[in-house]
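Raw contents of upload36.txt, compact mmCIF, C-alpha atoms and all ligand atoms:
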# COMPACT_ATOMS: atom_id res chain seq x y z
CA MET A 1239 77.90 107.42 110.68
CA ASN A 1240 81.64 107.26 110.06
CA VAL A 1241 82.85 105.10 107.17
CA PRO A 1242 86.38 103.75 107.63
CA LEU A 1243 88.66 103.17 104.63
CA LEU A 1244 88.91 99.54 105.67
CA ASP A 1245 87.21 97.46 108.36
CA LEU A 1246 89.07 94.21 108.86
CA VAL A 1247 87.09 93.43 112.02
CA ALA A 1248 83.93 93.07 109.92
CA GLN A 1249 85.60 90.35 107.84
CA TYR A 1250 87.11 88.68 110.91
CA THR A 1251 83.72 88.50 112.60
CA ALA A 1252 82.18 86.86 109.54
CA ILE A 1253 84.83 84.15 109.07
CA LYS A 1254 86.43 83.59 112.45
CA ASP A 1255 84.71 80.23 112.96
CA GLU A 1256 86.42 78.97 109.79
CA VAL A 1257 89.85 80.46 110.39
CA MET A 1258 90.36 79.85 114.11
CA PRO A 1259 90.16 76.01 113.89
CA ALA A 1260 92.73 76.08 111.04
CA LEU A 1261 95.06 78.17 113.19
CA LEU A 1262 94.51 75.89 116.15
CA ARG A 1263 95.49 72.85 114.07
CA VAL A 1264 98.87 74.42 113.31
CA ILE A 1265 99.37 75.35 116.94
CA GLU A 1266 98.37 71.91 118.24
CA ALA A 1267 100.75 70.21 115.78
CA GLN A 1268 103.44 72.81 116.70
CA GLN A 1269 104.46 72.72 113.05
CA PHE A 1270 105.23 76.38 112.47
CA ILE A 1271 107.97 76.13 109.85
CA MET A 1272 107.04 74.88 106.35
CA GLY A 1273 103.95 73.06 107.62
CA PRO A 1274 101.45 71.40 105.24
CA ALA A 1275 99.26 74.50 104.86
CA ILE A 1276 102.04 76.09 102.81
CA ALA A 1277 102.08 73.44 100.07
CA GLN A 1278 98.28 73.53 100.01
CA LEU A 1279 98.20 77.31 99.58
CA GLU A 1280 100.95 77.17 96.93
CA ALA A 1281 98.96 74.63 94.90
CA GLU A 1282 95.69 76.56 95.24
CA ILE A 1283 97.14 79.95 94.29
CA ALA A 1284 99.01 78.39 91.36
CA ALA A 1285 95.71 76.89 90.15
CA LEU A 1286 93.92 80.23 90.52
CA SER A 1287 96.73 81.82 88.47
CA ARG A 1288 96.68 79.03 85.88
CA ALA A 1289 100.39 78.60 86.60
CA LYS A 1290 102.32 75.41 87.30
CA HIS A 1291 104.08 76.28 90.55
CA GLY A 1292 103.48 78.39 93.64
CA VAL A 1293 106.28 79.29 96.01
CA GLY A 1294 105.38 80.96 99.30
CA CYS A 1295 107.63 83.62 100.80
CA ALA A 1296 107.67 86.17 103.58
CA SER A 1297 106.05 89.16 101.83
CA GLY A 1298 105.05 90.67 98.51
CA THR A 1299 108.31 92.58 98.61
CA ASP A 1300 110.27 89.32 98.75
CA ALA A 1301 108.05 87.86 96.01
CA LEU A 1302 109.54 90.59 93.78
CA LEU A 1303 113.05 90.46 95.24
CA LEU A 1304 113.63 86.71 94.85
CA PRO A 1305 112.95 86.51 91.08
CA LEU A 1306 115.08 89.63 90.62
CA LYS A 1307 117.86 87.88 92.55
CA ALA A 1308 117.42 84.88 90.28
CA LEU A 1309 118.41 87.14 87.35
CA ASN A 1310 121.91 87.69 88.86
CA LEU A 1311 121.83 91.39 88.05
CA LYS A 1312 125.15 93.21 87.72
CA ALA A 1313 125.82 96.90 88.32
CA GLY A 1314 124.27 98.88 85.49
CA ASP A 1315 121.69 96.24 84.57
CA GLU A 1316 118.33 97.87 83.99
CA VAL A 1317 114.81 96.84 84.94
CA ILE A 1318 111.96 98.83 83.39
CA THR A 1319 108.98 99.60 85.60
CA THR A 1320 106.29 102.14 86.43
CA PRO A 1321 106.85 104.97 88.90
CA PHE A 1322 103.16 105.01 89.87
CA THR A 1323 103.16 102.11 92.33
CA PHE A 1324 104.02 101.11 95.87
CA PHE A 1325 107.68 101.62 96.70
CA ALA A 1326 108.58 97.91 96.81
CA THR A 1327 108.26 97.54 93.03
CA ALA A 1328 111.36 99.67 92.49
CA GLY A 1329 113.07 99.27 95.87
CA THR A 1330 113.55 95.58 95.14
CA ILE A 1331 115.21 96.34 91.78
CA HIS A 1332 117.77 98.45 93.63
CA ASN A 1333 118.19 95.83 96.38
CA ALA A 1334 118.80 93.10 93.80
CA GLY A 1335 121.68 95.15 92.37
CA GLY A 1336 119.89 96.62 89.36
CA THR A 1337 118.89 100.11 88.22
CA PRO A 1338 115.20 100.97 87.95
CA VAL A 1339 114.24 102.59 84.66
CA PHE A 1340 110.94 104.38 85.06
CA VAL A 1341 108.53 104.86 82.16
CA ASP A 1342 105.16 106.58 82.15
CA ILE A 1343 101.70 105.16 82.66
CA GLU A 1344 98.57 105.19 80.51
CA PRO A 1345 96.34 107.82 82.09
CA ASP A 1346 93.10 105.79 81.99
CA SER A 1347 94.26 102.53 83.57
CA PHE A 1348 97.16 104.00 85.60
CA ASN A 1349 99.19 100.99 84.35
CA ILE A 1350 102.54 101.04 82.54
CA ASP A 1351 102.44 102.15 78.90
CA PRO A 1352 103.79 99.32 76.69
CA ALA A 1353 104.87 101.79 73.98
CA ALA A 1354 106.97 103.66 76.56
CA VAL A 1355 108.47 100.33 77.65
CA ALA A 1356 109.48 99.59 74.05
CA ARG A 1357 111.20 102.98 73.78
CA ALA A 1358 113.13 102.43 77.02
CA ILE A 1359 114.71 99.10 76.09
CA THR A 1360 118.52 99.11 75.85
CA PRO A 1361 121.13 96.33 75.63
CA ARG A 1362 121.24 96.46 79.46
CA THR A 1363 117.51 95.75 79.94
CA ARG A 1364 117.22 92.57 82.02
CA ALA A 1365 113.54 92.54 82.98
CA ILE A 1366 110.24 94.42 82.85
CA ILE A 1367 107.99 94.77 85.91
CA PRO A 1368 104.42 95.83 85.11
CA VAL A 1369 102.12 96.41 88.08
CA ASP A 1370 98.43 95.45 87.99
CA LEU A 1371 97.58 98.64 89.81
CA TYR A 1372 94.49 98.86 92.04
CA GLY A 1373 93.45 95.37 90.87
CA GLN A 1374 93.33 95.76 87.09
CA MET A 1375 95.78 93.82 84.93
CA ALA A 1376 98.34 95.67 82.84
CA ALA A 1377 98.19 95.22 79.06
CA MET A 1378 100.10 91.94 79.20
CA GLU A 1379 99.62 91.01 75.54
CA ARG A 1380 101.15 94.31 74.42
CA LEU A 1381 104.00 93.99 76.92
CA MET A 1382 104.68 90.44 75.75
CA LYS A 1383 104.92 91.64 72.15
CA VAL A 1384 107.70 93.97 73.28
CA ALA A 1385 109.46 91.52 75.60
CA GLN A 1386 109.25 88.12 73.92
CA PRO A 1387 111.19 88.78 70.68
CA ARG A 1388 113.99 90.24 72.83
CA ARG A 1389 113.81 87.41 75.40
CA ILE A 1390 113.32 89.86 78.25
CA PRO A 1391 111.53 88.25 81.22
CA ILE A 1392 108.42 89.89 82.67
CA ILE A 1393 107.92 89.88 86.44
CA GLU A 1394 104.27 90.72 87.06
CA ASP A 1395 103.62 92.68 90.24
CA ALA A 1396 100.14 91.35 90.97
CA CYS A 1397 100.36 92.25 94.66
CA GLN A 1398 97.07 94.16 94.25
CA ALA A 1399 95.45 91.88 91.69
CA ILE A 1400 95.01 88.31 92.89
CA GLY A 1401 92.20 86.71 90.90
CA ALA A 1402 92.06 89.46 88.25
CA ARG A 1403 91.57 88.40 84.62
CA ARG A 1404 92.06 89.85 81.15
CA LYS A 1405 90.51 88.72 77.90
CA ILE A 1406 93.22 88.28 75.29
CA ASP A 1407 92.33 87.05 71.79
CA GLY A 1408 88.91 86.02 73.08
CA GLU A 1409 90.24 83.98 76.00
CA TRP A 1410 90.33 84.83 79.70
CA ARG A 1411 93.90 84.87 81.01
CA ALA A 1412 94.58 85.12 84.73
CA ALA A 1413 96.91 87.38 86.63
CA GLY A 1414 99.97 85.19 87.10
CA GLU A 1415 99.40 83.12 83.98
CA LEU A 1416 101.51 84.91 81.40
CA ALA A 1417 104.54 86.42 83.11
CA TRP A 1418 107.82 84.60 83.83
CA VAL A 1419 107.19 85.07 87.57
CA THR A 1420 104.26 86.79 89.29
CA ALA A 1421 104.40 88.30 92.78
CA TYR A 1422 101.50 88.35 95.24
CA SER A 1423 101.25 90.07 98.60
CA PHE A 1424 99.05 88.94 101.47
CA PHE A 1425 99.41 92.19 103.42
CA PRO A 1426 96.27 92.27 105.62
CA SER A 1427 94.51 94.98 103.59
CA LYS A 1428 94.77 93.05 100.31
CA ASN A 1429 91.73 91.31 98.75
CA LEU A 1430 93.24 88.10 100.16
CA GLY A 1431 94.94 89.28 103.33
CA ALA A 1432 96.85 87.32 105.96
CA TRP A 1433 96.90 88.12 109.67
CA GLY A 1434 100.41 89.48 109.27
CA ASP A 1435 102.91 89.59 106.42
CA GLY A 1436 103.05 87.03 103.64
CA GLY A 1437 103.76 86.65 99.94
CA LEU A 1438 103.82 84.12 97.14
CA MET A 1439 105.35 83.74 93.68
CA VAL A 1440 103.88 81.76 90.80
CA THR A 1441 105.68 80.56 87.70
CA SER A 1442 105.20 77.88 85.06
CA ASP A 1443 108.93 77.40 84.57
CA ASP A 1444 110.17 74.30 86.43
CA ALA A 1445 113.77 75.44 86.82
CA THR A 1446 112.70 78.89 88.04
CA ALA A 1447 110.37 77.35 90.63
CA GLU A 1448 113.24 75.24 91.98
CA ARG A 1449 115.51 78.28 92.07
CA LEU A 1450 112.94 80.37 93.96
CA ARG A 1451 112.40 77.55 96.45
CA ARG A 1452 116.14 77.51 97.10
CA LEU A 1453 116.49 81.29 97.31
CA ARG A 1454 113.82 81.51 100.03
CA LEU A 1455 115.72 78.90 102.10
CA HIS A 1456 119.26 80.27 102.17
CA GLY A 1457 120.06 79.04 98.68
CA GLY A 1458 120.09 75.31 99.42
CA ALA A 1459 117.78 72.54 98.21
CA LYS A 1460 119.18 70.33 100.99
CA GLN A 1461 119.63 71.51 104.58
CA TYR A 1462 123.16 72.80 105.31
CA HIS A 1463 124.15 72.54 101.62
CA HIS A 1464 124.25 75.95 99.93
CA ASP A 1465 124.44 76.17 96.16
CA GLU A 1466 124.15 79.94 96.28
CA VAL A 1467 123.46 82.65 98.85
CA GLY A 1468 119.75 83.01 99.48
CA THR A 1469 117.89 84.26 102.51
CA ASN A 1470 115.22 83.25 105.02
CA SER A 1471 111.99 84.22 103.31
CA ARG A 1472 109.64 81.43 104.33
CA LEU A 1473 105.91 82.02 104.49
CA ASP A 1474 104.75 81.53 108.09
CA THR A 1475 102.62 78.36 108.39
CA LEU A 1476 100.12 80.18 110.60
CA GLN A 1477 99.63 82.75 107.81
CA ALA A 1478 99.28 79.99 105.21
CA ALA A 1479 96.56 78.37 107.35
CA VAL A 1480 94.66 81.68 107.56
CA LEU A 1481 94.96 82.15 103.80
CA VAL A 1482 93.81 78.59 102.93
CA ALA A 1483 90.74 79.17 105.10
CA LYS A 1484 90.01 82.55 103.50
CA LEU A 1485 90.70 81.65 99.85
CA PRO A 1486 87.25 80.08 99.15
CA HIS A 1487 85.73 83.52 99.89
CA LEU A 1488 88.01 85.51 97.59
CA ALA A 1489 85.88 85.41 94.42
CA ALA A 1490 82.73 86.52 96.29
CA TRP A 1491 84.62 89.28 98.11
CA SER A 1492 86.04 90.62 94.84
CA ALA A 1493 82.57 90.42 93.23
CA LYS A 1494 81.20 92.53 96.12
CA ARG A 1495 83.96 95.08 95.54
CA ARG A 1496 83.01 95.20 91.84
CA ALA A 1497 79.36 95.75 92.75
CA HIS A 1498 80.30 98.59 95.16
CA ALA A 1499 82.47 100.10 92.43
CA ALA A 1500 79.60 100.02 89.93
CA TYR A 1501 77.33 101.69 92.50
CA TYR A 1502 79.83 104.50 93.18
CA THR A 1503 80.51 104.96 89.48
CA ALA A 1504 76.80 105.31 88.62
CA ALA A 1505 76.20 107.70 91.52
CA LEU A 1506 79.20 109.91 90.78
CA ALA A 1507 78.77 110.01 86.99
CA ALA A 1508 77.06 113.39 87.14
CA VAL A 1509 79.75 115.07 89.26
CA SER A 1510 81.83 116.85 86.62
CA GLN A 1511 84.82 117.45 88.91
CA VAL A 1512 85.24 113.70 89.48
CA LYS A 1513 86.50 111.11 87.01
CA THR A 1514 85.50 107.59 88.00
CA PRO A 1515 87.82 104.61 87.37
CA VAL A 1516 88.18 103.49 83.77
CA VAL A 1517 88.01 99.72 83.49
CA ASP A 1518 89.69 98.49 80.32
CA PRO A 1519 86.91 96.52 78.54
CA ALA A 1520 89.32 93.57 78.32
CA ASN A 1521 89.72 93.45 82.10
CA GLU A 1522 87.86 91.95 85.01
CA HIS A 1523 88.93 94.33 87.78
CA ILE A 1524 89.13 93.11 91.39
CA PHE A 1525 88.96 96.65 92.82
CA HIS A 1526 91.62 96.33 95.46
CA GLN A 1527 91.22 100.10 95.38
CA TYR A 1528 88.45 102.29 94.00
CA THR A 1529 90.38 105.34 92.84
CA LEU A 1530 88.99 108.59 91.48
CA ARG A 1531 90.71 111.48 89.77
CA VAL A 1532 89.34 114.66 91.27
CA GLU A 1533 89.67 118.42 91.16
CA ARG A 1534 90.81 120.18 94.37
CA ARG A 1535 91.99 116.87 95.79
CA ASP A 1536 93.57 118.22 98.95
CA GLU A 1537 90.47 120.22 99.88
CA LEU A 1538 88.30 117.16 99.24
CA GLN A 1539 90.52 115.16 101.59
CA ALA A 1540 90.08 117.73 104.35
CA HIS A 1541 86.30 117.69 103.77
CA LEU A 1542 86.11 113.88 103.93
CA LYS A 1543 88.25 113.81 107.05
CA LYS A 1544 85.97 116.29 108.79
CA ASP A 1545 83.00 114.20 107.67
CA GLY A 1546 84.40 110.92 109.06
CA ILE A 1547 84.90 109.30 105.64
CA GLY A 1548 88.03 107.18 105.24
CA HIS A 1549 90.15 107.80 102.15
CA ALA A 1550 93.77 107.59 101.03
CA VAL A 1551 96.10 108.74 98.29
CA TYR A 1552 97.92 105.90 96.52
CA TYR A 1553 100.48 107.32 95.72
CA PRO A 1554 101.29 110.96 96.42
CA ILE A 1555 104.88 110.97 95.05
CA PRO A 1556 105.79 108.95 91.96
CA LEU A 1557 108.91 106.88 92.52
CA HIS A 1558 111.08 108.75 90.00
CA ARG A 1559 110.65 111.85 92.21
CA GLN A 1560 111.55 110.11 95.49
CA PRO A 1561 114.72 111.46 97.14
CA CYS A 1562 116.28 107.97 97.22
CA PHE A 1563 116.16 107.84 93.41
CA ALA A 1564 117.32 111.44 92.81
CA HIS A 1565 120.66 110.10 91.52
CA LEU A 1566 118.81 108.59 88.55
CA GLY A 1567 118.29 112.12 87.26
CA TYR A 1568 114.55 112.25 86.51
CA ARG A 1569 113.24 115.82 86.53
CA ASP A 1570 109.82 117.24 87.31
CA GLY A 1571 107.78 116.82 84.15
CA SER A 1572 109.77 113.85 82.84
CA LEU A 1573 106.88 111.39 83.35
CA PRO A 1574 103.88 113.71 83.18
CA HIS A 1575 101.02 111.18 83.36
CA SER A 1576 102.41 109.69 86.57
CA GLU A 1577 103.03 113.10 88.09
CA ARG A 1578 99.54 114.28 87.25
CA ALA A 1579 97.96 111.11 88.64
CA ALA A 1580 99.86 111.60 91.90
CA LEU A 1581 98.24 115.04 92.26
CA GLU A 1582 94.70 113.95 91.37
CA VAL A 1583 93.98 110.47 92.75
CA ILE A 1584 92.01 109.60 95.85
CA SER A 1585 90.82 106.14 96.91
CA LEU A 1586 87.51 105.51 98.68
CA PRO A 1587 86.32 102.72 101.00
CA ILE A 1588 85.61 99.63 98.86
CA TYR A 1589 85.86 96.65 101.24
CA PRO A 1590 83.23 93.93 100.66
CA GLU A 1591 81.34 94.35 103.95
CA LEU A 1592 80.31 97.98 103.26
CA SER A 1593 76.57 98.49 103.55
CA ARG A 1594 74.45 100.39 101.04
CA ALA A 1595 73.96 103.10 103.68
CA GLN A 1596 77.72 103.48 104.06
CA LEU A 1597 78.20 103.74 100.29
CA ASP A 1598 75.49 106.40 100.18
CA ARG A 1599 77.24 108.33 102.98
CA VAL A 1600 80.46 108.41 100.95
CA ILE A 1601 78.59 109.49 97.80
CA ASP A 1602 76.68 112.23 99.64
CA ALA A 1603 79.93 113.57 101.13
CA ILE A 1604 81.54 113.86 97.69
CA ARG A 1605 78.46 115.33 96.02
CA GLY A 1606 78.12 117.77 98.93
CA PHE A 1607 81.69 118.97 98.51
CA TYR A 1608 81.35 119.76 94.80
CA ARG A 1609 77.84 121.20 94.97
C1 LIG B 1701 102.01 96.99 94.00
C2 LIG B 1701 102.65 96.41 95.24
N1 LIG B 1701 103.88 95.86 95.13
C3 LIG B 1701 104.49 95.31 96.19
C4 LIG B 1701 103.91 95.29 97.44
C5 LIG B 1701 104.67 94.75 98.60
O1 LIG B 1701 103.99 93.78 99.32
P1 LIG B 1701 104.29 93.56 100.89
O2 LIG B 1701 103.76 94.74 101.62
O3 LIG B 1701 103.57 92.29 101.19
O4 LIG B 1701 105.77 93.41 101.06
C6 LIG B 1701 102.62 95.85 97.60
C7 LIG B 1701 101.87 95.80 98.87
O5 LIG B 1701 102.01 96.39 99.84
C8 LIG B 1701 102.00 96.43 96.47
O6 LIG B 1701 100.78 97.00 96.57
Take the structure in the file and give it back as structure tokens.
Ligand SMILES: Cc1ncc(COP(=O)(O)O)c(C=O)c1O
Amino acid sequence: MNVPLLDLVAQYTAIKDEVMPALLRVIEAQQFIMGPAIAQLEAEIAALSRAKHGVGCASGTDALLLPLKALNLKAGDEVITTPFTFFATAGTIHNAGGTPVFVDIEPDSFNIDPAAVARAITPRTRAIIPVDLYGQMAAMERLMKVAQPRRIPIIEDACQAIGARRKIDGEWRAAGELAWVTAYSFFPSKNLGAWGDGGLMVTSDDATAERLRRLRLHGGAKQYHHDEVGTNSRLDTLQAAVLVAKLPHLAAWSAKRRAHAAYYTAALAAVSQVKTPVVDPANEHIFHQYTLRVERRDELQAHLKKDGIGHAVYYPIPLHRQPCFAHLGYRDGSLPHSERAALEVISLPIYPELSRAQLDRVIDAIRGFYR
């Protein structure tokens, strides 16, 4: 029995009778651009995030780029972020005219280290972008303590963490609730995935919401009137319809992922060469990825491949060591926790539809390798 890293057909088969009629309604109305499903999705994702406004856009990448554009960055302006993330987190800083400043992660959570953020602040710091990596929120309360007194906005990259929560001072706070703007991606593999590209921003700031709505529509609130230069970054109505139909399942899907994660973690606890994911006790993780640290990672990958077990390395090269950022001058060893993580991590299949037998196959393959 092969176990793929992800099986989107299994999900499609389970929900197609709910999604196809929603798609058909858009097609029959021929209302492809800014149709009603978009406003519905925006309201529902804002509510999930306990934020006031949702603004759909074309991708998670644009959901980071548009708030960065709203900051009007000038050459030399700095945005502090983590190097242990998907490329878009830092690529958008560059594309908005800023300079990424990379600081190290905390080795347990893989998320940005707030103390390192504090040390990296300069008079040119214009924003901080924490990433809720693999589905676990960054330490927002500690980041806010650093950012708020200095009035530095936080853009939360929650592209992997829709529906995640963190208990702060005894109260559950949602991904998207605390930052100035939060970015979501609906890339098909995400916990809430579209049938193509899609993204969405949430914010509780009225003026920012208006600005983001303009920026995604060529910078004009009124057609053919342009207050500033924006772009075309509309969310496709067909994608919004898919997402509205899927959203009622999200909590149950993420709960299934958590249950699979607990099963893996219990079964792999005795394998000394494997370190299972550390969930910060304050966090409710949504397990977009289930990511181990392992010894002999590359050999394990070859073994799993031969055995028909899907796996992936997110991410093999931290962003401060990417050739496109060589001019920033980071050396090997400058951000050691990120560099070490890049050498040790491996993610296993964790999609909700996995059967117990499939989970056992993955566990047996890993135990077999280290025996
Ligand atoms: C952490 C992170 N940031 C940004 C993105 C970009 O999202 P998209 O692929 O929708 O542009 C992704 C997803 O791919 C992501 O995982």
Which residues form the shell of 10 Å around ligand LIG 1701 (chain B) when you count only C-alpha atoms and all ligand atoms, given as number ranges by chain?
-> A: 1295-1303, 1322-1330, 1368-1373, 1394-1399, 1421-1428, 1431-1432, 1434-1438, 1526, 1552
Two-atom distance - atom CA of A:Val1551, atom CA of A:Tyr1528 (Å):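 Separation between atom CA of A:Val1551 and atom CA of A:Tyr1528: 10.9 Å.
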Taking 4 positions as the minimum chain separation for residues in the same chain, which residues sit within 8 Å of A:Phe1525 when counting all atoms listed in the file? Answer as a list in words. Tyr1372, Gly1373, Gln1374, Ser1492, Arg1495, Arg1496, Ala1499 and Ile1588 of chain A
Requested in this report: Counting all atoms listed in the file, select every polymer residue within 8 Å of (110.1, 96.6, 79.8) as defined in the file's coordinates, and provide the selection as an MDAnalysis selection string.
Outcome: chainID A and resid 1317:1319 1352 1355:1356 1358:1359 1363 1365:1368 1381 1384:1385 1390 1392
Please define a box with edges along x, y and z of the file around all atoms of stretch 1533-1550 of chain A given in the file, extend it by 3 Å on each side, and return its centre and edge lengths in Å to one decimal, as AutoDock Vina command-line options.
--center_x 88.4 --center_y 113.7 --center_z 100.1 --size_x 16.8 --size_y 19.0 --size_z 23.9
Report task. Tell me, in Å to one decimal, how far atom CA of A:Ala1507 is from atom CA of A:Ile1604. Result ->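 One can read the atom CA of A:Ala1507 to atom CA of A:Ile1604 distance as 11.7 Å.
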A:Ala1285 proximity check over A:Val1440, A:Ile1253, A:Leu1244, A:Met1258, using only C-alpha atoms: winner is A:Val1440
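Taking atom CA of A:Pro1321 as the reference point, atom CA of A:Leu1573 is found at 8.5 Å.
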Would you mind listing what lies within 7 Å of A:Gln1511 as a compact mmCIF listing (two decimals) with C-alpha atoms, keeping the file's coordinate frame, with all atoms listed in the file counted and same-chain residues fewer than 2 positions away left out?
# COMPACT_ATOMS: atom_id res chain seq x y z
CA VAL A 1509 79.75 115.07 89.26
CA LYS A 1513 86.50 111.11 87.01
CA VAL A 1532 89.34 114.66 91.27
CA GLU A 1533 89.67 118.42 91.16
Please return, as a list in words, all polymer residues that have at least one atom within 6 Å of the point (107.6, 105.3, 80.7); use all atoms listed in the file and the file's own coordinate frame.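 The residues that fall inside the cut-off are Phe1340, Val1341, Asp1342, Ala1354 and Val1355 of chain A.
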Residue with the minimum atom-to-atom distance to A:Tyr1553, picked from A:Ala1376, A:Ile1350, A:Leu1581, A:Leu1530 with all atoms listed in the file counted, is A:Leu1581
Tell me which protein, DNA and RNA residues are within 9 Å of A:His1549, counting all atoms listed in the file, leaving out same-chain ones fewer than 4 positions away, and put them as number ranges by chain. A: 1242-1243, 1539, 1542-1543, 1584-1587
From the set A:Ala1459, A:Ala1275, A:Leu1261, A:Ala1508, which residue has the shortest atom-to-atom contact distance to A:Tyr1608, counting all atoms listed in the file?
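When distances to A:Tyr1608 are compared using all atoms listed in the file, the smallest one comes from A:Ala1508.
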- Item | Close residues, A:Arg1472 itself excluded, 8 Å, only C-alpha atoms, min 6 positions apart in chain, as a PyMOL selection string | chain A and resi 1271-1272+1294-1296+1454-1455
Write out N, CA, C and O atoms for stretch 1448-1463 of chain A, as a PDB file, keeping the file's coordinate frame.
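Below you can see selection-v1.pdb, which holds the result:
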ATOM      1  N   GLU A1448     112.218  75.857  91.119  1.00  0.00           N
ATOM      2  CA  GLU A1448     113.240  75.240  91.980  1.00  0.00           C
ATOM      3  C   GLU A1448     114.178  76.288  92.536  1.00  0.00           C
ATOM      4  O   GLU A1448     114.546  76.273  93.705  1.00  0.00           O
ATOM      5  N   ARG A1449     114.579  77.210  91.666  1.00  0.00           N
ATOM      6  CA  ARG A1449     115.510  78.280  92.070  1.00  0.00           C
ATOM      7  C   ARG A1449     114.876  79.158  93.155  1.00  0.00           C
ATOM      8  O   ARG A1449     115.513  79.488  94.156  1.00  0.00           O
ATOM      9  N   LEU A1450     113.611  79.508  92.970  1.00  0.00           N
ATOM     10  CA  LEU A1450     112.940  80.370  93.960  1.00  0.00           C
ATOM     11  C   LEU A1450     112.775  79.641  95.286  1.00  0.00           C
ATOM     12  O   LEU A1450     112.911  80.232  96.359  1.00  0.00           O
ATOM     13  N   ARG A1451     112.511  78.329  95.206  1.00  0.00           N
ATOM     14  CA  ARG A1451     112.400  77.550  96.450  1.00  0.00           C
ATOM     15  C   ARG A1451     113.721  77.543  97.209  1.00  0.00           C
ATOM     16  O   ARG A1451     113.749  77.578  98.435  1.00  0.00           O
ATOM     17  N   ARG A1452     114.823  77.477  96.450  1.00  0.00           N
ATOM     18  CA  ARG A1452     116.140  77.510  97.100  1.00  0.00           C
ATOM     19  C   ARG A1452     116.431  78.888  97.680  1.00  0.00           C
ATOM     20  O   ARG A1452     116.898  79.013  98.804  1.00  0.00           O
ATOM     21  N   LEU A1453     116.146  79.919  96.874  1.00  0.00           N
ATOM     22  CA  LEU A1453     116.490  81.290  97.310  1.00  0.00           C
ATOM     23  C   LEU A1453     115.765  81.675  98.598  1.00  0.00           C
ATOM     24  O   LEU A1453     116.291  82.436  99.401  1.00  0.00           O
ATOM     25  N   ARG A1454     114.540  81.144  98.801  1.00  0.00           N
ATOM     26  CA  ARG A1454     113.820  81.510 100.030  1.00  0.00           C
ATOM     27  C   ARG A1454     114.336  80.733 101.243  1.00  0.00           C
ATOM     28  O   ARG A1454     113.937  80.984 102.365  1.00  0.00           O
ATOM     29  N   LEU A1455     115.191  79.729 101.010  1.00  0.00           N
ATOM     30  CA  LEU A1455     115.720  78.900 102.100  1.00  0.00           C
ATOM     31  C   LEU A1455     117.251  78.912 102.077  1.00  0.00           C
ATOM     32  O   LEU A1455     117.886  77.860 101.986  1.00  0.00           O
ATOM     33  N   HIS A1456     117.801  80.112 102.108  1.00  0.00           N
ATOM     34  CA  HIS A1456     119.260  80.270 102.170  1.00  0.00           C
ATOM     35  C   HIS A1456     120.011  79.609 101.025  1.00  0.00           C
ATOM     36  O   HIS A1456     121.160  79.209 101.166  1.00  0.00           O
ATOM     37  N   GLY A1457     119.340  79.469  99.878  1.00  0.00           N
ATOM     38  CA  GLY A1457     120.060  79.040  98.680  1.00  0.00           C
ATOM     39  C   GLY A1457     120.399  77.570  98.621  1.00  0.00           C
ATOM     40  O   GLY A1457     121.248  77.169  97.822  1.00  0.00           O
ATOM     41  N   GLY A1458     119.757  76.742  99.443  1.00  0.00           N
ATOM     42  CA  GLY A1458     120.090  75.310  99.420  1.00  0.00           C
ATOM     43  C   GLY A1458     118.840  74.466  99.253  1.00  0.00           C
ATOM     44  O   GLY A1458     117.822  74.698  99.900  1.00  0.00           O
ATOM     45  N   ALA A1459     118.905  73.464  98.357  1.00  0.00           N
ATOM     46  CA  ALA A1459     117.780  72.540  98.210  1.00  0.00           C
ATOM     47  C   ALA A1459     117.811  71.539  99.373  1.00  0.00           C
ATOM     48  O   ALA A1459     116.784  71.013  99.793  1.00  0.00           O
ATOM     49  N   LYS A1460     118.998  71.297  99.910  1.00  0.00           N
ATOM     50  CA  LYS A1460     119.180  70.330 100.990  1.00  0.00           C
ATOM     51  C   LYS A1460     119.716  71.095 102.202  1.00  0.00           C
ATOM     52  O   LYS A1460     120.572  71.972 102.037  1.00  0.00           O
ATOM     53  N   GLN A1461     119.222  70.750 103.396  1.00  0.00           N
ATOM     54  CA  GLN A1461     119.630  71.510 104.580  1.00  0.00           C
ATOM     55  C   GLN A1461     121.148  71.467 104.771  1.00  0.00           C
ATOM     56  O   GLN A1461     121.765  70.400 104.649  1.00  0.00           O
ATOM     57  N   TYR A1462     121.715  72.612 105.057  1.00  0.00           N
ATOM     58  CA  TYR A1462     123.160  72.800 105.310  1.00  0.00           C
ATOM     59  C   TYR A1462     124.028  72.608 104.064  1.00  0.00           C
ATOM     60  O   TYR A1462     125.236  72.504 104.171  1.00  0.00           O
ATOM     61  N   HIS A1463     123.408  72.537 102.889  1.00  0.00           N
ATOM     62  CA  HIS A1463     124.150  72.540 101.620  1.00  0.00           C
ATOM     63  C   HIS A1463     123.698  73.774 100.839  1.00  0.00           C
ATOM     64  O   HIS A1463     122.509  73.889 100.538  1.00  0.00           O
TER      65      HIS A1463
END
